[in-house]
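Structure file structure_6.csv; described as CSV, C-alpha atoms and all ligand atoms.
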chain,number,residue,atom,x,y,z
A,1,MET,CA,-20.9,8.8,-15.8
A,2,LYS,CA,-23.9,7.8,-13.7
A,3,ASP,CA,-25.0,4.2,-13.1
A,4,ALA,CA,-28.2,4.6,-15.0
A,5,THR,CA,-26.1,5.3,-18.1
A,6,ARG,CA,-23.5,2.7,-17.2
A,7,VAL,CA,-26.0,-0.2,-17.0
A,8,VAL,CA,-27.2,0.5,-20.5
A,9,ARG,CA,-23.7,0.5,-22.1
A,10,ALA,CA,-21.4,-1.5,-19.8
A,11,GLY,CA,-19.8,-4.5,-21.4
A,12,CYS,CA,-21.2,-3.8,-24.9
A,13,SER,CA,-18.9,-4.0,-27.9
A,14,PRO,CA,-17.1,-0.9,-29.3
A,15,ALA,CA,-18.8,0.5,-32.3
A,16,ARG,CA,-17.9,-1.4,-35.4
A,17,GLN,CA,-19.7,-1.3,-38.7
A,18,GLY,CA,-22.3,-4.1,-38.9
A,19,ALA,CA,-21.6,-5.5,-35.4
A,20,SER,CA,-24.4,-6.0,-32.9
A,21,LEU,CA,-24.4,-3.7,-29.8
A,22,LEU,CA,-24.5,-6.6,-27.3
A,23,PRO,CA,-23.1,-9.7,-29.0
A,24,GLY,CA,-25.3,-12.8,-28.5
A,25,PRO,CA,-24.3,-15.7,-26.3
A,26,THR,CA,-21.4,-17.8,-27.4
A,27,PHE,CA,-22.2,-21.5,-27.0
A,28,ALA,CA,-19.0,-23.4,-27.0
A,29,SER,CA,-17.1,-26.0,-25.1
A,30,ILE,CA,-14.3,-26.1,-27.7
A,31,PHE,CA,-12.7,-23.1,-29.3
A,32,HIS,CA,-10.2,-23.1,-32.2
A,33,CYS,CA,-6.8,-23.1,-30.5
A,34,SER,CA,-3.6,-24.3,-32.1
A,35,GLY,CA,-0.1,-24.3,-30.7
A,36,ASP,CA,0.6,-22.9,-27.3
A,37,PRO,CA,-2.7,-22.8,-25.5
A,38,SER,CA,-1.6,-20.0,-23.2
A,39,GLN,CA,-1.6,-17.8,-26.4
A,40,CYS,CA,-5.3,-18.6,-27.1
A,41,GLU,CA,-7.7,-16.1,-25.7
A,42,TYR,CA,-10.3,-18.9,-25.4
A,43,SER,CA,-9.6,-22.6,-25.4
A,44,TYR,CA,-12.2,-24.5,-23.3
A,45,GLY,CA,-15.6,-23.6,-22.1
A,46,ARG,CA,-15.0,-24.3,-18.4
A,47,PHE,CA,-12.0,-21.9,-18.3
A,48,HIS,CA,-13.5,-18.9,-20.0
A,49,ASN,CA,-16.2,-17.7,-22.4
A,50,PRO,CA,-16.5,-14.3,-24.2
A,51,THR,CA,-20.1,-13.9,-23.0
A,52,TRP,CA,-18.8,-14.1,-19.4
A,53,THR,CA,-16.0,-11.7,-20.2
A,54,ALA,CA,-18.4,-9.0,-21.4
A,55,PHE,CA,-20.7,-9.4,-18.5
A,56,GLU,CA,-17.9,-9.4,-15.9
A,57,GLN,CA,-16.6,-6.2,-17.4
A,58,ALA,CA,-20.0,-4.7,-16.9
A,59,LEU,CA,-20.1,-5.9,-13.3
A,60,GLU,CA,-16.6,-4.5,-12.6
A,61,LEU,CA,-17.7,-1.0,-13.7
A,62,LEU,CA,-20.7,-1.1,-11.4
A,63,GLU,CA,-19.0,-2.8,-8.4
A,64,GLY,CA,-15.7,-1.0,-8.5
A,65,GLY,CA,-13.6,-4.2,-8.5
A,66,PRO,CA,-13.0,-7.2,-10.7
A,67,ALA,CA,-16.0,-9.6,-10.8
A,68,VAL,CA,-16.2,-13.4,-11.2
A,69,SER,CA,-19.6,-14.9,-12.2
A,70,PHE,CA,-20.8,-18.2,-10.9
A,71,ALA,CA,-23.5,-20.7,-11.7
A,72,SER,CA,-25.7,-19.5,-8.8
A,73,GLY,CA,-25.6,-17.3,-5.7
A,74,MET,CA,-24.7,-20.3,-3.6
A,75,ALA,CA,-21.9,-21.3,-6.0
A,76,ALA,CA,-20.6,-17.7,-5.4
A,77,VAL,CA,-21.0,-17.9,-1.6
A,78,SER,CA,-19.4,-21.3,-1.3
A,79,GLY,CA,-16.6,-20.3,-3.8
A,80,LEU,CA,-15.8,-17.3,-1.7
A,81,LEU,CA,-15.8,-19.3,1.6
A,82,GLY,CA,-13.8,-22.1,0.1
A,83,THR,CA,-11.2,-19.7,-1.4
A,84,VAL,CA,-10.7,-17.5,1.6
A,85,LEU,CA,-11.0,-19.8,4.6
A,86,LYS,CA,-8.6,-22.5,5.7
A,87,SER,CA,-9.0,-25.2,8.3
A,88,GLY,CA,-9.6,-24.1,11.8
A,89,ASP,CA,-10.4,-20.4,10.9
A,90,ILE,CA,-12.8,-18.2,12.7
A,91,LEU,CA,-15.8,-17.0,10.7
A,92,VAL,CA,-18.1,-14.3,12.0
A,93,VAL,CA,-21.5,-14.1,10.5
A,94,SER,CA,-24.5,-11.9,11.0
A,95,GLU,CA,-27.2,-14.0,12.6
A,96,ASP,CA,-29.9,-13.2,10.0
A,97,CYS,CA,-27.8,-13.7,6.8
A,98,TYR,CA,-29.1,-16.1,4.2
A,99,TYR,CA,-30.2,-19.4,5.8
A,100,THR,CA,-28.3,-21.7,3.3
A,101,THR,CA,-25.1,-19.7,3.8
A,102,ARG,CA,-25.4,-20.3,7.6
A,103,LEU,CA,-25.8,-24.0,7.0
A,104,LEU,CA,-22.6,-24.5,5.1
A,105,PRO,CA,-20.0,-24.4,8.0
A,106,GLY,CA,-21.7,-27.2,9.9
A,107,GLU,CA,-22.6,-29.3,6.8
A,108,GLN,CA,-20.9,-29.1,3.4
A,109,LEU,CA,-17.9,-27.3,4.8
A,110,ARG,CA,-17.7,-29.3,8.0
A,111,SER,CA,-14.3,-30.7,7.1
A,112,LEU,CA,-12.9,-27.1,7.5
A,113,ASP,CA,-13.7,-27.3,11.2
A,114,LEU,CA,-14.5,-23.6,11.3
A,115,THR,CA,-15.4,-21.7,14.5
A,116,VAL,CA,-18.5,-19.7,13.7
A,117,ARG,CA,-19.4,-16.7,15.8
A,118,THR,CA,-22.8,-15.2,15.3
A,119,ILE,CA,-23.7,-11.7,15.9
A,120,ASP,CA,-26.8,-9.5,15.4
A,121,SER,CA,-27.3,-5.9,14.2
A,122,SER,CA,-28.0,-4.5,17.6
A,123,SER,CA,-25.1,-6.2,19.4
A,124,SER,CA,-22.3,-4.4,21.0
A,125,GLY,CA,-20.1,-7.5,21.0
A,126,TRP,CA,-18.5,-7.0,17.5
A,127,GLU,CA,-15.0,-6.3,18.7
A,128,GLU,CA,-14.9,-9.4,20.8
A,129,ALA,CA,-16.4,-11.6,18.1
A,130,LEU,CA,-13.9,-10.3,15.5
A,131,SER,CA,-10.9,-11.1,17.6
A,132,GLU,CA,-8.6,-13.3,15.5
A,133,ALA,CA,-11.3,-13.9,12.9
A,134,ALA,CA,-10.4,-14.6,9.3
A,135,LEU,CA,-13.6,-13.4,7.7
A,136,LEU,CA,-16.6,-11.3,8.6
A,137,TRP,CA,-19.8,-12.1,6.6
A,138,VAL,CA,-22.7,-9.7,6.7
A,139,GLU,CA,-25.8,-9.3,4.7
A,140,THR,CA,-27.4,-5.8,4.7
A,141,PRO,CA,-30.3,-5.3,4.6
A,142,SER,CA,-30.9,-8.8,5.9
A,143,ASN,CA,-33.9,-10.9,5.1
A,144,PRO,CA,-36.8,-11.0,6.0
A,145,HIS,CA,-36.5,-8.4,8.8
A,146,LEU,CA,-34.5,-5.9,6.7
A,147,ASN,CA,-32.0,-5.1,9.5
A,148,ILE,CA,-29.3,-2.7,8.5
A,149,TYR,CA,-25.6,-3.2,9.3
A,150,ASP,CA,-23.2,-0.2,9.1
A,151,VAL,CA,-20.6,-1.6,6.7
A,152,ARG,CA,-18.1,1.3,7.1
A,153,ALA,CA,-18.1,0.8,10.9
A,154,LEU,CA,-17.8,-3.0,10.7
A,155,VAL,CA,-15.0,-2.7,8.1
A,156,LYS,CA,-13.1,-0.5,10.5
A,157,LEU,CA,-13.4,-3.1,13.4
A,158,ALA,CA,-12.6,-6.0,11.0
A,159,LYS,CA,-9.4,-4.3,9.8
A,160,GLN,CA,-8.3,-3.7,13.3
A,161,ALA,CA,-8.8,-7.5,14.0
A,162,GLY,CA,-7.1,-8.4,10.7
A,163,ALA,CA,-10.2,-10.0,9.2
A,164,LEU,CA,-11.5,-9.8,5.6
A,165,VAL,CA,-15.0,-8.5,5.0
A,166,ALA,CA,-17.6,-10.0,2.7
A,167,VAL,CA,-21.0,-8.3,2.2
A,168,ASP,CA,-23.9,-10.3,0.7
A,169,ASN,CA,-25.3,-7.6,-1.6
A,170,THR,CA,-28.0,-9.6,-3.2
A,171,THR,CA,-30.9,-7.5,-2.1
A,172,CYS,CA,-29.4,-4.2,-3.2
A,173,THR,CA,-27.4,-5.0,-6.3
A,174,PRO,CA,-24.5,-2.6,-6.9
A,175,LEU,CA,-27.0,0.1,-8.0
A,176,LEU,CA,-28.3,0.6,-4.5
A,177,GLN,CA,-25.2,-0.2,-2.5
A,178,LYS,CA,-21.5,-0.7,-3.4
A,179,PRO,CA,-19.8,-2.7,-0.7
A,180,LEU,CA,-16.3,-2.4,-2.2
A,181,LEU,CA,-16.6,1.4,-2.0
A,182,LEU,CA,-17.6,1.1,1.6
A,183,GLY,CA,-14.3,-0.7,2.3
A,184,ALA,CA,-15.4,-4.4,2.1
A,185,ASP,CA,-13.1,-6.9,0.5
A,186,PHE,CA,-15.8,-8.8,-1.3
A,187,SER,CA,-19.3,-8.0,-2.7
A,188,VAL,CA,-21.2,-11.3,-3.1
A,189,ALA,CA,-24.6,-11.7,-4.8
A,190,SER,CA,-27.2,-14.0,-6.0
A,191,ASP,CA,-28.0,-12.4,-9.4
A,192,SER,CA,-31.1,-14.7,-9.5
A,193,LYS,CA,-32.9,-11.8,-7.7
A,194,ALA,CA,-33.1,-8.2,-8.8
A,195,LEU,CA,-30.0,-8.1,-11.0
A,196,ALA,CA,-31.4,-10.5,-13.5
A,197,GLY,CA,-34.8,-9.5,-12.3
A,198,HIS,CA,-37.3,-11.5,-14.4
A,199,GLY,CA,-37.7,-14.5,-12.2
A,200,ASP,CA,-36.4,-16.8,-14.9
A,201,LEU,CA,-32.8,-17.9,-14.1
A,202,ILE,CA,-30.2,-18.7,-11.5
A,203,LEU,CA,-26.8,-16.9,-11.4
A,204,GLY,CA,-24.4,-15.4,-8.9
A,205,HIS,CA,-21.1,-13.4,-8.7
A,206,VAL,CA,-18.4,-12.2,-6.4
A,207,ALA,CA,-16.6,-8.8,-6.9
A,208,ALA,CA,-13.3,-8.5,-5.2
A,209,ARG,CA,-11.2,-5.5,-4.0
A,210,SER,CA,-8.1,-7.0,-5.6
A,211,GLY,CA,-7.2,-8.7,-8.8
A,212,GLU,CA,-5.3,-11.3,-6.9
A,213,TRP,CA,-8.5,-12.4,-5.0
A,214,ALA,CA,-10.4,-12.4,-8.3
A,215,GLU,CA,-7.8,-14.6,-9.9
A,216,ARG,CA,-8.1,-17.1,-7.0
A,217,LEU,CA,-11.9,-17.1,-7.2
A,218,ARG,CA,-11.7,-17.7,-10.9
A,219,LEU,CA,-9.4,-20.6,-10.3
A,220,TRP,CA,-11.9,-22.0,-7.8
A,221,ARG,CA,-14.7,-21.7,-10.4
A,222,THR,CA,-12.6,-23.5,-13.0
A,223,ARG,CA,-11.4,-26.3,-10.8
A,224,MET,CA,-14.7,-26.9,-9.0
A,225,GLY,CA,-16.7,-26.4,-12.2
A,226,ALA,CA,-19.1,-23.9,-10.7
A,227,VAL,CA,-19.4,-22.3,-14.1
A,228,PRO,CA,-22.4,-20.2,-15.4
A,229,GLY,CA,-24.2,-21.0,-18.6
A,230,PRO,CA,-23.6,-18.5,-21.5
A,231,MET,CA,-27.4,-18.2,-22.0
A,232,GLU,CA,-28.0,-17.2,-18.3
A,233,ILE,CA,-25.1,-14.7,-18.5
A,234,TRP,CA,-26.3,-13.2,-21.7
A,235,LEU,CA,-29.9,-12.8,-20.4
A,236,THR,CA,-28.6,-11.2,-17.3
A,237,HIS,CA,-26.4,-8.8,-19.2
A,238,ARG,CA,-29.4,-7.9,-21.3
A,239,SER,CA,-31.5,-7.4,-18.2
A,240,LEU,CA,-28.8,-5.2,-16.6
A,241,GLY,CA,-29.7,-2.5,-19.1
A,242,SER,CA,-33.0,-2.0,-17.5
A,243,LEU,CA,-31.8,-2.5,-13.9
A,244,ASP,CA,-31.9,1.2,-13.0
A,245,VAL,CA,-35.4,1.7,-14.4
A,246,ARG,CA,-36.7,-1.4,-12.8
A,247,LEU,CA,-35.2,-0.6,-9.4
A,248,ASP,CA,-36.6,2.9,-9.6
A,249,ARG,CA,-40.1,1.7,-10.1
A,250,MET,CA,-39.7,-1.2,-7.6
A,251,CYS,CA,-38.4,1.1,-4.9
A,252,SER,CA,-41.1,3.7,-5.3
A,253,ASN,CA,-43.8,1.0,-5.3
A,254,ALA,CA,-42.3,-0.4,-2.1
A,255,GLU,CA,-42.2,3.0,-0.5
A,256,ARG,CA,-45.9,3.5,-1.3
A,257,ILE,CA,-46.8,0.0,-0.1
A,258,ALA,CA,-44.9,0.4,3.2
A,259,GLU,CA,-46.8,3.6,3.9
A,260,LEU,CA,-50.1,2.0,3.0
A,261,LEU,CA,-49.4,-1.0,5.2
A,262,GLN,CA,-48.3,1.2,8.1
A,263,ARG,CA,-51.6,3.1,8.1
A,264,HIS,CA,-53.8,-0.1,7.8
A,265,GLU,CA,-55.5,-1.3,10.9
A,266,ARG,CA,-55.1,-5.0,10.0
A,267,VAL,CA,-51.3,-4.7,9.8
A,268,GLN,CA,-49.5,-5.1,13.1
A,269,LYS,CA,-46.0,-4.2,12.1
A,270,VAL,CA,-44.1,-3.1,9.0
A,271,TYR,CA,-40.4,-3.6,8.3
A,272,TYR,CA,-39.0,-1.3,5.7
A,273,PRO,CA,-35.7,0.6,5.9
A,274,GLY,CA,-37.4,3.7,4.4
A,275,LEU,CA,-39.9,4.2,7.1
A,276,LYS,CA,-39.5,7.4,9.2
A,277,GLU,CA,-40.3,5.5,12.4
A,278,GLY,CA,-39.8,2.0,13.7
A,279,SER,CA,-37.9,-0.4,11.5
A,280,GLY,CA,-36.5,2.5,9.4
A,281,ARG,CA,-34.2,3.7,12.1
A,282,GLY,CA,-31.0,2.0,11.0
A,283,PHE,CA,-31.2,3.3,7.4
A,284,VAL,CA,-27.9,4.9,6.4
A,285,PRO,CA,-28.5,6.9,3.2
A,286,SER,CA,-24.8,7.3,2.5
A,287,GLN,CA,-24.5,3.5,2.5
A,288,MET,CA,-27.7,2.5,0.7
A,289,TYR,CA,-28.9,4.9,-1.9
A,290,ARG,CA,-32.5,4.0,-1.6
A,291,PRO,CA,-34.4,1.8,0.9
A,292,GLY,CA,-35.1,-1.0,-1.5
A,293,TYR,CA,-38.0,-2.9,-2.8
A,294,VAL,CA,-38.6,-5.6,-0.1
A,295,VAL,CA,-41.3,-4.8,2.5
A,296,SER,CA,-42.1,-7.2,5.3
A,297,PHE,CA,-45.2,-7.0,7.5
A,298,GLU,CA,-47.1,-8.9,10.2
A,299,LEU,CA,-50.7,-9.9,10.1
A,300,SER,CA,-52.1,-11.3,13.3
A,301,THR,CA,-52.6,-14.9,12.3
A,302,ARG,CA,-51.6,-17.5,9.7
A,303,GLN,CA,-55.2,-17.5,8.5
A,304,GLU,CA,-55.2,-13.8,7.9
A,305,ALA,CA,-51.9,-14.0,6.0
A,306,ASP,CA,-53.1,-16.9,3.8
A,307,ARG,CA,-56.3,-15.0,3.1
A,308,PHE,CA,-54.4,-11.9,2.1
A,309,LEU,CA,-52.2,-13.9,-0.3
A,310,GLN,CA,-55.3,-15.6,-1.8
A,311,ASN,CA,-57.2,-12.4,-2.2
A,312,ALA,CA,-54.4,-10.3,-3.8
A,313,GLN,CA,-54.7,-10.6,-7.6
A,314,LEU,CA,-51.6,-8.7,-8.5
A,315,ILE,CA,-49.3,-10.4,-6.0
A,316,ASP,CA,-48.0,-13.9,-7.0
A,317,GLU,CA,-47.5,-16.1,-4.0
A,318,ALA,CA,-43.9,-17.2,-4.5
A,319,THR,CA,-40.6,-17.3,-2.6
A,320,SER,CA,-37.6,-15.2,-3.6
A,321,PHE,CA,-37.6,-11.5,-4.5
A,322,GLY,CA,-36.4,-8.9,-7.0
A,323,SER,CA,-38.5,-9.8,-10.0
A,324,LEU,CA,-40.5,-7.4,-12.1
A,325,HIS,CA,-43.6,-9.3,-10.8
A,326,THR,CA,-44.7,-8.4,-7.3
A,327,THR,CA,-44.4,-11.5,-5.2
A,328,ALA,CA,-45.1,-12.3,-1.5
A,329,GLU,CA,-45.1,-15.3,0.8
A,330,ARG,CA,-45.7,-16.2,4.4
A,331,ARG,CA,-42.2,-16.8,5.6
A,332,ALA,CA,-43.1,-19.2,8.5
A,333,ARG,CA,-44.0,-21.9,5.9
A,334,TRP,CA,-40.3,-22.6,5.5
A,335,GLY,CA,-39.2,-22.7,9.1
A,336,GLY,CA,-35.6,-21.3,9.5
A,337,ASP,CA,-36.6,-17.7,10.0
A,338,ARG,CA,-37.6,-16.4,13.4
A,339,VAL,CA,-41.0,-15.0,12.4
A,340,ASN,CA,-44.5,-15.3,13.7
A,341,ALA,CA,-47.2,-17.2,11.7
A,342,GLY,CA,-48.7,-14.1,10.0
A,343,PHE,CA,-45.3,-12.6,8.8
A,344,ILE,CA,-45.3,-11.8,5.1
A,345,ARG,CA,-42.4,-10.8,3.0
A,346,LEU,CA,-43.3,-8.8,-0.1
A,347,SER,CA,-41.1,-7.9,-3.1
A,348,ALA,CA,-42.5,-4.9,-5.0
A,349,GLY,CA,-42.4,-5.3,-8.8
A,350,CYS,CA,-42.8,-2.9,-11.7
A,351,GLU,CA,-46.6,-2.8,-11.9
A,352,ASP,CA,-48.5,0.5,-11.9
A,353,PRO,CA,-48.4,1.9,-8.3
A,354,ASP,CA,-52.2,2.8,-8.2
A,355,ASP,CA,-53.1,-0.8,-9.3
A,356,LEU,CA,-50.9,-2.3,-6.7
A,357,ALA,CA,-52.1,-0.1,-3.9
A,358,ALA,CA,-55.7,-0.7,-4.7
A,359,ASP,CA,-55.1,-4.5,-4.9
A,360,ILE,CA,-53.3,-4.6,-1.6
A,361,ASP,CA,-56.0,-2.5,0.1
A,362,ARG,CA,-58.7,-4.7,-1.3
A,363,ALA,CA,-56.9,-7.9,-0.2
A,364,LEU,CA,-56.4,-6.7,3.3
A,365,SER,CA,-60.1,-5.7,3.7
B,1,LIG,C1,-31.1,-16.2,-3.0
B,1,LIG,C2,-30.0,-15.8,-2.1
B,1,LIG,C3,-28.7,-16.5,-2.1
B,1,LIG,C4,-28.5,-17.8,-2.9
B,1,LIG,O1,-28.6,-17.5,-4.3
B,1,LIG,P1,-29.1,-18.6,-5.4
B,1,LIG,O2,-28.9,-17.8,-6.7
B,1,LIG,O3,-30.4,-19.0,-5.1
B,1,LIG,O4,-28.1,-19.7,-5.3
B,1,LIG,C5,-27.7,-16.0,-1.3
B,1,LIG,N1,-27.9,-14.9,-0.6
B,1,LIG,C6,-29.0,-14.2,-0.6
B,1,LIG,C7,-29.2,-13.0,0.3
B,1,LIG,C8,-30.1,-14.6,-1.3
B,1,LIG,O5,-31.3,-14.0,-1.3

Step by step, read the file and then write its structure as structure tokens.
Amino acid sequence: MKDATRVVRAGCSPARQGASLLPGPTFASIFHCSGDPSQCEYSYGRFHNPTWTAFEQALELLEGGPAVSFASGMAAVSGLLGTVLKSGDILVVSEDCYYTTRLLPGEQLRSLDLTVRTIDSSSSGWEEALSEAALLWVETPSNPHLNIYDVRALVKLAKQAGALVAVDNTTCTPLLQKPLLLGADFSVASDSKALAGHGDLILGHVAARSGEWAERLRLWRTRMGAVPGPMEIWLTHRSLGSLDVRLDRMCSNAERIAELLQRHERVQKVYYPGLKEGSGRGFVPSQMYRPGYVVSFELSTRQEADRFLQNAQLIDEATSFGSLHTTAERRARWGGDRVNAGFIRLSAGCEDPDDLAADIDRALS
């Protein structure tokens, strides 16, 4: 069965006369549970919820390993770091992974006294960095420069060093890239982006290679209380059904936009893994099935970038990415990324390709 079919059916109930296809959200803190609580399928809303169960079953089919959902992407990230790492461990991170993730070791996880080694996609120092490391954390493609890391090659090096590997798969979702099948131990994601895909909720998950790790992550979620709301889970499960169709349109819109931008005289540089030249070089089709829906580009000044964002009528100026609405922003307004003042990250949505192309062309001129 292909993913496009899986996303429609995964986690839905078996056919039963009169039952709904995808049961609605179960809102409960308390469940009927008498006698021995270990015999109750559901007892208390922080431990488990049938709406989570159905969604996690769907994720497992797509990821290729048991999945644990969390209240947000950062709850998933911190849950994984907190579960895997112990005091004094060495953590290796790709230098352009999510900014908030990079902040944790020196701030909220300071008491773990981690040694953090940072490495970039073009570096040859991976072997040295991984020596005696406990965990390698990579995000591919990264944001906002869309650098590609070769997961299979890094897994090989990490295994030799005895390190576990986590891939932040937020941008791709398991439909464009499956870290567990590439050999990673964990696939981590913010589902607030393309997976939920409507710009209306916050959610995250971790899929693990082994059931044992999934159990430990679940225990972390229960103890720390990083639990997702049933409504968010249900909305995301509902949105999962259209994920393949949405990504298909978003990726082809992005391909068209990247080509348009590359030809435009006002645009100084385009970053998109699907380009034949320049930034497209690192693209590994056997790792990432399509080049994605995020396109970054440089205009010469802050004023030009602001004017573009003001003039574009079909592009909402907003942070984040992966929504069915096309969005863009000038990244330098946040600080934190190493970008010039005219650098824009654009996330292609599901609008009509001709409308989008015409709007972008008009906004640039
Ligand atoms: C957004 C994001 C996160 C954090 O997710 P939240 O759902 O906002 O908590 C982590 N990693 C990446 C790559 C992201 O884009």

Problem set entry | Gap from atom CA of A:Asp120 to atom CA of A:Leu180 - Å, one decimal | 21.7 Å

Problem set entry | Within 7 Å of ligand LIG 1 (chain B), counting only C-alpha atoms and all ligand atoms, residues as a ChimeraX atom specification | /A:72-75,77,97-98,101,139,168-171,189-193,202-204,320

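For the set A:Leu146, A:Leu157, A:Tyr44, A:Val92, the residue with the smallest atom-to-atom gap to A:Ala129 is A:Val92, counting all atoms listed in the file.
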
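Distance check against A:Thr51 using all atoms listed in the file: of A:Asp244, A:Glu232, A:Glu304, A:Glu329, the minimum falls on A:Glu232.
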
For this session: Find the residues with any atom within 7 Å of (-46.3, -14.9, 6.2); use all atoms listed in the file and the coordinates as given in the file, and write the answer as a PyMOL selection string.
Result: chain A and resi 302+305+329-332+341-345

Exercise. Any idea what's packed within 9 Å of stretch 252-264 of chain A, counting only C-alpha atoms, ignoring anything in its chain fewer than 3 positions away? Could you give it as JSON, numbers by chain?
Worked result: {"A": [247, 248, 249, 267, 268, 269, 270, 271, 272, 274, 275, 291, 292, 293, 294, 295, 296, 297, 346, 347, 348, 349, 350, 351, 352, 353, 356, 357, 360, 361, 364]}

For this session: Write out as a ChimeraX atom specification which residues come within 12 Å of A:Gly125 when counting all atoms listed in the file, dropping same-chain ones fewer than 5 positions away.
Result: /A:92,94,117-120,130-131,154,157

Write out, as an mmCIF file, in the coordinates of the input, the residues just selected, with C-alpha atoms.
data_model
loop_
_atom_site.group_PDB
_atom_site.id
_atom_site.type_symbol
_atom_site.label_atom_id
_atom_site.label_comp_id
_atom_site.auth_asym_id
_atom_site.auth_seq_id
_atom_site.Cartn_x
_atom_site.Cartn_y
_atom_site.Cartn_z
ATOM 1 C CA VAL A 92 -18.100 -14.300 12.000
ATOM 2 C CA SER A 94 -24.500 -11.900 11.000
ATOM 3 C CA ARG A 117 -19.400 -16.700 15.800
ATOM 4 C CA THR A 118 -22.800 -15.200 15.300
ATOM 5 C CA ILE A 119 -23.700 -11.700 15.900
ATOM 6 C CA ASP A 120 -26.800 -9.500 15.400
ATOM 7 C CA LEU A 130 -13.900 -10.300 15.500
ATOM 8 C CA SER A 131 -10.900 -11.100 17.600
ATOM 9 C CA LEU A 154 -17.800 -3.000 10.700
ATOM 10 C CA LEU A 157 -13.400 -3.100 13.400
#

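Closest approach to A:Met224 from the set A:Leu201, A:Leu175, A:Ala76, A:Cys12 is made by A:Ala76, with distances taken over all atoms listed in the file.
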
Problem set entry | Long-range neighbours of A:Leu62 as a PyMOL selection string, 12 Å cut-off, only C-alpha atoms, 3 positions minimum in chain | chain A and resi 1-11+55-59+65-67+173-181+187+195+207+240-241+243-244

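Between atom CA of A:Gly88 and atom CA of A:Pro105 the interatomic distance comes to 11.1 Å.
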
Reconstruct stretch 54-66 of chain A at the level of N, CA and C atoms, and format the result as an mmCIF file, in the frame of the given file.
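Contents of selection_36.cif, freshly written:
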data_model
loop_
_atom_site.group_PDB
_atom_site.id
_atom_site.type_symbol
_atom_site.label_atom_id
_atom_site.label_comp_id
_atom_site.auth_asym_id
_atom_site.auth_seq_id
_atom_site.Cartn_x
_atom_site.Cartn_y
_atom_site.Cartn_z
ATOM 1 N N ALA A 54 -17.660 -10.254 -21.235
ATOM 2 C CA ALA A 54 -18.400 -9.000 -21.400
ATOM 3 C C ALA A 54 -19.222 -8.646 -20.198
ATOM 4 N N PHE A 55 -19.884 -9.646 -19.641
ATOM 5 C CA PHE A 55 -20.700 -9.400 -18.500
ATOM 6 C C PHE A 55 -19.902 -9.037 -17.247
ATOM 7 N N GLU A 56 -18.785 -9.724 -17.079
ATOM 8 C CA GLU A 56 -17.900 -9.400 -15.900
ATOM 9 C C GLU A 56 -17.306 -8.038 -16.032
ATOM 10 N N GLN A 57 -17.049 -7.603 -17.262
ATOM 11 C CA GLN A 57 -16.600 -6.200 -17.400
ATOM 12 C C GLN A 57 -17.619 -5.227 -16.991
ATOM 13 N N ALA A 58 -18.867 -5.536 -17.329
ATOM 14 C CA ALA A 58 -20.000 -4.700 -16.900
ATOM 15 C C ALA A 58 -20.091 -4.617 -15.401
ATOM 16 N N LEU A 59 -20.030 -5.796 -14.776
ATOM 17 C CA LEU A 59 -20.100 -5.900 -13.300
ATOM 18 C C LEU A 59 -18.989 -5.081 -12.649
ATOM 19 N N GLU A 60 -17.800 -5.200 -13.212
ATOM 20 C CA GLU A 60 -16.600 -4.500 -12.600
ATOM 21 C C GLU A 60 -16.866 -3.002 -12.593
ATOM 22 N N LEU A 61 -17.431 -2.475 -13.675
ATOM 23 C CA LEU A 61 -17.700 -1.000 -13.700
ATOM 24 C C LEU A 61 -18.693 -0.620 -12.624
ATOM 25 N N LEU A 62 -19.662 -1.482 -12.346
ATOM 26 C CA LEU A 62 -20.700 -1.100 -11.400
ATOM 27 C C LEU A 62 -20.234 -1.387 -9.933
ATOM 28 N N GLU A 63 -19.445 -2.445 -9.732
ATOM 29 C CA GLU A 63 -19.000 -2.800 -8.400
ATOM 30 C C GLU A 63 -17.799 -2.044 -7.900
ATOM 31 N N GLY A 64 -16.937 -1.652 -8.853
ATOM 32 C CA GLY A 64 -15.700 -1.000 -8.500
ATOM 33 C C GLY A 64 -14.566 -1.966 -8.166
ATOM 34 N N GLY A 65 -14.661 -3.181 -8.686
ATOM 35 C CA GLY A 65 -13.600 -4.200 -8.500
ATOM 36 C C GLY A 65 -13.872 -5.350 -9.452
ATOM 37 N N PRO A 66 -12.827 -6.135 -9.800
ATOM 38 C CA PRO A 66 -13.000 -7.200 -10.700
ATOM 39 C C PRO A 66 -14.035 -8.254 -10.254
#
